[in-house]
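First the structure, in the form of structure tokens, and then the observations on it.
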2 protein chains.
Amino acid sequence: MGISARKQREKREREELILKEARDLRLSKGYLGLTMDRIAQKTEYSKGTIYQHFSCKEEILMALSIQVMEKRCELFHRGALFKGRTRERIMAMGVGDELFARLFPDDLRSCLMMRMASFREKTSLERQIRLKSLEQRCMNIFAGIARDGMAQGDLPPESNPESICFSLWSISFGVYTLMRTDIPLAELGIDDPYQALNQSCHTLLDGYHWTPLLSEWDYEKSLERVRKEIFPDEFARLESE
Amino acid sequence: MGISARKQREKREREELILKEARDLRLSKGYLGLTMDRIAQKTEYSKGTIYQHFSCKEEILMALSIQVMEKRCELFHRGALFKGRTRERIMAMGVGDELFARLFPDDLRSCLMMRMASFREKTSLERQIRLKSLEQRCMNIFAGIARDGMAQGDLPPESNPESICFSLWSISFGVYTLMRTDIPLAELGIDDPYQALNQSCHTLLDGYHWTPLLSEWDYEKSLERVRKEIFPDEFARLESE
DNA sequence: TGTTTTTCTGACTATTCGTCAAAAAAATGA
DNA sequence: TCATTTTTTTGACGAATAGTCAGAAAAACA
């Protein structure tokens with residue numbers, strides 16, 4: 001018993017080492033510089049051993065995407081736990097997402113690849129399902145708050161929680177992706193894309209009549225509370241950089 | 001003279017043939033199935049000849065992205081020419097973009113790759129600049145209408161044209177990209193992402209106080225006019241599919 | 001300590017990118 | 001027309017990388 005437990009643990013640890021080195025390599029050499037030989041060299045295992053864990057390069061990238069989504073999901077989840085009005089909780093989730101985007105910009109970038117069918121198709125069904133369910137989970141946290149909002153009268157009864165989620169999700173995804181492209185946003189007159197995103201989200205929420213409206217509430221104060229109560233460590237880390 | 005003119009024409013034609021076959025291959029076999037040998041075979045030229053036109057695979061994909069952006073830009077441009085209120089003109093541009101997304105879904109998908117630094121970096125500076133300037137042109141058409149809007153009093157004088165553009169651009173980009181992923185939007189409660197996008201854009205525009213507001217104008221009627229006056233062929237084509 | 005089972009290895013094959021010397025074709029000119 | 005020069009095309013080749021697998025090494029077992 002003890003032996004197989006140890007072996008399982010060792011396997012898990014090795015898997016994590018592989019992912020860690022792969023992540024570093026992707027960071028320093030980019031996707032095209034990430035090769036199986038290099039991963040083998042860095043982990044000090046042979047290529048065969050790497051292939052026992054991951055059937056192809058795409059599988060490794062998929063595993064990295066899953067790690068990213070897990071971390072993101074966790075920040076979302078913590079944001080959703082904020083004690084306050086439903087719209088404040090949505091904002092807290094947004095803050096979590098922004099923190100993630102600021103702290104791990106390159107990880108978000110690497111996920112983009114898995115949006116392309118050609119790459120995703122090479123990965124195991126198991127991981128595909130895992131990633132999809134994580135995305136679904138994020139959406140559900142969101143939609144849950146929207147439903148709370150309707151129950152508490154913060155949202156009109158005829159609202160459609162899913163389409164509210166979808167628009168916020170789309171605009172965040174769009175902003176974070178465009179930001180990472182080398183289009184010079186500053187030259188186009190966008191000095192602070194995070195600020196622009198934040199404002200757009202408030203505009204959308206006002207448009208959906210999610211109360212209290214921006215004009216009726218001090219969301220700066222809410223932001224302060226979110227920082228202190230929910231993400232103290234992340235904010236500290238961000239500021240120390 | 002005649003000879004070198006003919007040769008130049010032949011070169012251009014060959015280049016177009018290569019791009020056409022590359023596009024077909026990408027469509028049928030995906031990015032990973034698009035190889036230089038296959039392109040050579042399909043075009044009935046040798047690999048060396050292909051390499052005289054394009055220094056690498058990424059260069060071909062970049063050239064395809066540029067073609068896509070040119071086509072998109074043209075639809076934008078036509079939309080902007082709509083005779084009407086400034087907000088109607090913005091809507092007409094949105095209609096153009098939706099038409100493009102519906103008519104050429106796979107081309108939009110292929111552009112995603114060029115968002116990734118790792119790929120873009122392998123392409124010639126010349127094409128990089130060309131693509132960037134096309135994106136810039138799209139933004140300028142947009143921002144120009146926003147400035148018209150301010151001049152005509154349709155937008156408050158303190159508006160920021162660039163941030164309005166950026167939010168619309170981000171949400172469109174986000175929706176079109178997420179749509180092409182195999183996340184089952186229908187299961188998440190999004191039956192019609194185009195409709196959702198359209199509504200979100202109106203919400204944003206209302207939020208920016210771009211008059212006439214959605215409630216003050218019959219935009220359905222405007223849409224009808226845009227169809228008839230600006231994009232008759234594209235709509236016919238869409239309906240015949 | 002010998003046997004069995006599991007794990008690991010890196011040489012090997014296959015694929016694809018990108019190059020380039022030589023062949024073919026086209027242009028030139030007497 | 002045909003020999004010479006210039007341009008274009010070709011596909012065999014070298015290099016890099018993905019992915020495999022028979023045998024070596026290590027671990028577990030008895």
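Labeling convention for the structure tokens: chains A, B, ... as they appear, residues from 1 per chain, ligands from 1 in order of appearance.
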
Would you tabulate, counting only C-alpha atoms (C1' of nucleotides), all residues of chain A that have an atom at most 8 Å from an atom of chain D, showing the closest pair of atoms and their distance in Å to one decimal, sorted by chain then ascending number, as CSV?
residue,atom,partner,partner_atom,distance
A:Thr35,CA,D:DT17,C1',7.3
A:Met36,CA,D:DA18,C1',7.9
A:Cys56,CA,D:DG19,C1',7.9

Could you turn the residues from that selection into a file that holds C-alpha atoms, as a short mmCIF file (atom, residue, chain, number, x, y, z; two decimals), in the first residue's frame?
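What ended up in result-v3.cif:
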data_model
loop_
_atom_site.label_atom_id
_atom_site.label_comp_id
_atom_site.auth_asym_id
_atom_site.auth_seq_id
_atom_site.Cartn_x
_atom_site.Cartn_y
_atom_site.Cartn_z
CA THR A 35 10.36 21.54 -27.44
CA MET A 36 10.10 18.16 -25.84
CA CYS A 56 2.10 15.29 -27.00
#

Please return, as a ChimeraX atom specification, all residues of range 36-139 of chain A that DSSP assigns to alpha helix (DSSP H) on the basis of the backbone. /A:36-43,47-53,57-80,86-103,105-111,117-120,125-139

Output as a JSON list (two decimals) with N, CA, C and O atoms, in the first residue's frame the set of chain A residues within 10 Å of chain C, with distances taken over only C-alpha atoms (C1' of nucleotides).
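Writing done, so here's part.json:
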[["chain", "number", "residue", "atom", "x", "y", "z"],
["A", 45, "TYR", "N", 14.94, 14.41, -17.01],
["A", 45, "TYR", "CA", 14.39, 13.10, -17.31],
["A", 45, "TYR", "C", 14.56, 12.89, -18.81],
["A", 45, "TYR", "O", 14.84, 13.83, -19.54],
["A", 46, "SER", "N", 14.38, 11.66, -19.24],
["A", 46, "SER", "CA", 14.50, 11.42, -20.69],
["A", 46, "SER", "C", 13.16, 11.73, -21.35],
["A", 46, "SER", "O", 12.12, 11.83, -20.71],
["A", 47, "LYS", "N", 13.26, 11.85, -22.66],
["A", 47, "LYS", "CA", 12.05, 12.19, -23.42],
["A", 47, "LYS", "C", 10.95, 11.15, -23.22],
["A", 47, "LYS", "O", 9.77, 11.50, -23.09],
["A", 48, "GLY", "N", 11.36, 9.88, -23.18],
["A", 48, "GLY", "CA", 10.39, 8.81, -22.99],
["A", 48, "GLY", "C", 9.56, 9.01, -21.73],
["A", 48, "GLY", "O", 8.35, 8.77, -21.73],
["A", 49, "THR", "N", 10.21, 9.44, -20.68],
["A", 49, "THR", "CA", 9.50, 9.65, -19.42],
["A", 49, "THR", "C", 8.49, 10.79, -19.54],
["A", 49, "THR", "O", 7.36, 10.70, -19.05]]

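Separating CA of Leu64 in chain B from CA of Leu19 in chain B is a distance of 6.7 Å.
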
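The interface of chain A with chain B at 6 Å, considering only C-alpha atoms, consists of A:Gly30, A:Arg115, A:Ser118, A:Glu162, A:Ser170, A:Ile171, A:Phe173, A:Gly174, A:Val175, A:Thr181, A:Gly189, A:Thr203, A:Leu204, A:Gly207.
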
Interatomic distance, CA of Leu103 in chain B to CA of Asp233 in chain B (Å, one decimal): 11.6 Å

Go ahead and compute the interatomic distance for CA of Lys83 in chain B and CA of Glu158 in chain B, in Å to one decimal.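 One can read the CA of Lys83 in chain B to CA of Glu158 in chain B distance as 25.1 Å.
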